[in-house]
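Below you'll find the structure, written out as structure tokens, and then a few comments.
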Amino acid sequence: MPFVLLVACTRCSMADEIVAVQAAATSKSFASEVTAELPSKAGFVEYSGTYSVPIELDSLPAGAEGVIRVHLVNPEDFDLPIREVTASCGCTRAELMSDRIPAKGEAELIIKMRSPARSASGGFFGRISLLIDGEKVGHSQLTRIDISLRYPVSGLLCFRTPLVTVSLVDTKQHRLELPFVSTLGTKPTELKIEASGFLEGIEGHIDS
């Protein structure tokens with residue numbers, strides 16, 4: 001949602017620059033546990049392709065580290081041997097606690113991750129792939145299990161543009177239209193904006 005940021009400069013001279021940066025999130029930790037069953041391919045002509053498993057979590061705090069335990073349930077009547085586990089994001093590491101998901105059973109997938117401190121959408125989307133060794137079970141066309149992981153991020157305040165530079169010329173107040181996302185409990189219009197360091201003296205507020 002685009003809000004208008006009103007910036008007042010009380011100690012700026014002409015052509016001083018204002019740099020808008022995201023607010024730092026307070027790091028916390030989190031833990032979550034879910035069960036996800038693979039969609040069976042028993043009704044298909046042959047066992048082939050990819051198992052797609054969507055997982056949607058409740059809101060997680062911004063900039064936090066935590067562990068998600070996923071109990072993957074195999075509905076097939078044969079084991080699914082896994083030869084490799086990969087993640088689409090460098091902030092995520094995943095490990096299957098066994099070398100296979102047993103027939104009509106389950107295996108635990110441990111996901112260690114850090115939630116984003118900045119997100120233009122206010123949420124996170126990532127993918128974890130478990131590569132199946134189809135040759136071992138006689139279904140060579142079975143390729144992988146794709147887990148799509150989504151969750152909203154709470155406690156987030158960031159501008160969609162990571163860096164904005166504005167020159168003030170013959171003015172003590174400047175009106176900026178900066179699209180940003182906020183998942184804070186506080187209303188954006190109730191937030192006060194201040195700068196520190198060499199930008200001390202710059203303050204502003206958000207007008208809807």
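Letters for chains follow the order of the structure tokens (A, B, ...), residue numbers begin at 1 for each chain, and ligand numbers begin at 1 in the order shown.
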Do you have, as a tab-separated table, the list of residues of stretch 24-88 of chain A lying at most 6 Å from stretch 96-112 of chain A, each with its nearest atom pair and that distance in Å to one decimal, counting only C-alpha atoms and ordered by chain then number?
residue	atom	partner	partner_atom	distance
A:Gly66	CA	A:Lys112	CA	6.0
A:Val67	CA	A:Lys112	CA	4.6
A:Ile68	CA	A:Ile111	CA	5.0
A:Arg69	CA	A:Ile110	CA	4.9
A:Val70	CA	A:Leu109	CA	5.0
A:His71	CA	A:Glu108	CA	4.7
A:Leu72	CA	A:Glu106	CA	5.2
A:Val73	CA	A:Glu106	CA	4.3
A:Asn74	CA	A:Lys104	CA	5.3
A:Pro75	CA	A:Lys104	CA	5.0
A:Glu76	CA	A:Ala103	CA	5.6
A:Asp77	CA	A:Ala103	CA	4.9
A:Phe78	CA	A:Ala103	CA	4.5
A:Asp79	CA	A:Pro102	CA	4.4
A:Leu80	CA	A:Ile101	CA	5.1
A:Pro81	CA	A:Arg100	CA	4.0
A:Ile82	CA	A:Arg100	CA	5.2
As a JSON list (two decimals) with N, CA, C and O atoms, in the first residue's frame, please: the residues near stretch 138-148 of chain A (cut-off 8 Å, only C-alpha atoms, same-chain neighbours under 6 positions excluded).
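Saved file out08.json follows:
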[["chain", "number", "residue", "atom", "x", "y", "z"],
["A", 47, "TYR", "N", 3.67, -44.82, -12.66],
["A", 47, "TYR", "CA", 4.25, -43.96, -11.62],
["A", 47, "TYR", "C", 5.34, -43.10, -12.25],
["A", 47, "TYR", "O", 6.40, -43.62, -12.62],
["A", 48, "SER", "N", 5.07, -41.84, -12.45],
["A", 48, "SER", "CA", 6.04, -40.97, -13.08],
["A", 48, "SER", "C", 5.85, -39.54, -12.63],
["A", 48, "SER", "O", 4.83, -39.18, -12.02],
["A", 49, "GLY", "N", 6.87, -38.70, -12.91],
["A", 49, "GLY", "CA", 6.75, -37.28, -12.65],
["A", 49, "GLY", "C", 7.14, -36.85, -11.25],
["A", 49, "GLY", "O", 7.99, -37.46, -10.60],
["A", 50, "THR", "N", 6.47, -35.82, -10.77],
["A", 50, "THR", "CA", 6.83, -35.15, -9.53],
["A", 50, "THR", "C", 5.68, -35.19, -8.54],
["A", 50, "THR", "O", 4.51, -35.04, -8.92],
["A", 51, "TYR", "N", 6.01, -35.38, -7.28],
["A", 51, "TYR", "CA", 5.02, -35.21, -6.20],
["A", 51, "TYR", "C", 5.08, -33.74, -5.77],
["A", 51, "TYR", "O", 6.13, -33.27, -5.32],
["A", 52, "SER", "N", 3.98, -33.02, -5.88],
["A", 52, "SER", "CA", 3.94, -31.62, -5.45],
["A", 52, "SER", "C", 3.26, -31.53, -4.09],
["A", 52, "SER", "O", 2.11, -31.97, -3.92],
["A", 53, "VAL", "N", 3.97, -30.94, -3.14],
["A", 53, "VAL", "CA", 3.47, -30.86, -1.76],
["A", 53, "VAL", "C", 3.50, -29.40, -1.30],
["A", 53, "VAL", "O", 4.57, -28.88, -0.97],
["A", 54, "PRO", "N", 2.35, -28.73, -1.27],
["A", 54, "PRO", "CA", 2.32, -27.35, -0.76],
["A", 54, "PRO", "C", 2.22, -27.34, 0.76],
["A", 54, "PRO", "O", 1.46, -28.10, 1.36],
["A", 55, "ILE", "N", 3.02, -26.48, 1.38],
["A", 55, "ILE", "CA", 2.97, -26.31, 2.85],
["A", 55, "ILE", "C", 2.83, -24.82, 3.15],
["A", 55, "ILE", "O", 3.66, -24.02, 2.72],
["A", 125, "PHE", "N", 8.33, -17.27, 0.00],
["A", 125, "PHE", "CA", 8.03, -18.45, -0.79],
["A", 125, "PHE", "C", 9.35, -19.10, -1.17],
["A", 125, "PHE", "O", 10.27, -18.44, -1.67],
["A", 126, "GLY", "N", 9.45, -20.39, -0.90],
["A", 126, "GLY", "CA", 10.65, -21.13, -1.26],
["A", 126, "GLY", "C", 10.29, -22.55, -1.67],
["A", 126, "GLY", "O", 9.16, -23.01, -1.49],
["A", 127, "ARG", "N", 11.27, -23.25, -2.22],
["A", 127, "ARG", "CA", 11.02, -24.61, -2.68],
["A", 127, "ARG", "C", 12.14, -25.53, -2.21],
["A", 127, "ARG", "O", 13.32, -25.18, -2.26],
["A", 128, "ILE", "N", 11.74, -26.72, -1.76],
["A", 128, "ILE", "CA", 12.68, -27.76, -1.36],
["A", 128, "ILE", "C", 12.40, -28.99, -2.22],
["A", 128, "ILE", "O", 11.24, -29.40, -2.34],
["A", 129, "SER", "N", 13.43, -29.55, -2.81],
["A", 129, "SER", "CA", 13.25, -30.70, -3.69],
["A", 129, "SER", "C", 13.98, -31.91, -3.12],
["A", 129, "SER", "O", 15.15, -31.82, -2.72],
["A", 130, "LEU", "N", 13.28, -33.03, -3.10],
["A", 130, "LEU", "CA", 13.85, -34.31, -2.70],
["A", 130, "LEU", "C", 13.92, -35.17, -3.97],
["A", 130, "LEU", "O", 12.88, -35.52, -4.54],
["A", 131, "LEU", "N", 15.13, -35.47, -4.43],
["A", 131, "LEU", "CA", 15.31, -36.22, -5.67],
["A", 131, "LEU", "C", 15.15, -37.71, -5.39],
["A", 131, "LEU", "O", 15.85, -38.28, -4.54],
["A", 132, "ILE", "N", 14.24, -38.34, -6.12],
["A", 132, "ILE", "CA", 13.92, -39.76, -5.93],
["A", 132, "ILE", "C", 14.82, -40.63, -6.80],
["A", 132, "ILE", "O", 15.04, -40.33, -7.98]]
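In this comparison, which uses only C-alpha atoms, the residue of A:Tyr151, A:Ser119, A:Lys136, A:Gly197 approaching A:Phe180 most closely is A:Ser119.
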I need the residues in stretch 28-132 of chain A that are strand (DSSP E or B) according to DSSP; give them as a ChimeraX atom specification.
/A:29-37,49-56,60-61,65-73,80-87,92-96,100-101,106-114,123-132
Could you check which of A:Thr86, A:Lys41, A:Ser121, A:Gly155 is closest to A:Ala64, using only C-alpha atoms?
A:Gly155
How many Å lie between atom CA of A:Leu38 and atom CA of A:Glu135, rounded to one decimal?
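Separation between atom CA of A:Leu38 and atom CA of A:Glu135: 19.3 Å.
Nearest residue to A:Lys28, choosing from A:Arg150, A:Lys187, A:Lys192, A:Arg114 and counting only C-alpha atoms: A:Arg114.
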Among A:Gly43, A:Gly134, A:Gly90, A:Pro152, A:Ser182 is approached most closely, using only C-alpha atoms, by A:Pro152
DSSP on the backbone, then: every residue of stretch 80-177 of chain A marked helix (DSSP H, G or I), written as a PyMOL selection string.
chain A and resi 134-137
Those selected residues, please, written with N, CA and C atoms and delivered as a compact mmCIF listing (two decimals), in the first residue's frame.
# COMPACT_ATOMS: atom_id res chain seq x y z
N GLY A 134 14.43 -43.41 -8.61
CA GLY A 134 13.37 -44.27 -9.12
C GLY A 134 13.84 -45.63 -9.59
N GLU A 135 15.10 -45.73 -9.99
CA GLU A 135 15.63 -47.01 -10.46
C GLU A 135 15.56 -48.08 -9.38
N LYS A 136 15.70 -47.67 -8.13
CA LYS A 136 15.75 -48.64 -7.03
C LYS A 136 14.39 -49.28 -6.75
N VAL A 137 13.32 -48.63 -7.19
CA VAL A 137 11.98 -49.18 -6.93
C VAL A 137 11.28 -49.61 -8.22
Distance atom CA of A:Val181-atom CA of A:Ala87, one decimal place?
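Separation of atom CA of A:Val181 and atom CA of A:Ala87: 26.1 Å.
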What's around A:Leu184 at 12 Å? Count only C-alpha atoms, leave out sequence neighbours fewer than 3 positions away in its own chain, and write the answer as a PyMOL selection string.
chain A and resi 23+25-26+59+61-62+122+152-158+181+187-191
Distance in Å - atom CA of A:Asp58 versus atom CA of A:Ala117:
16.6 Å
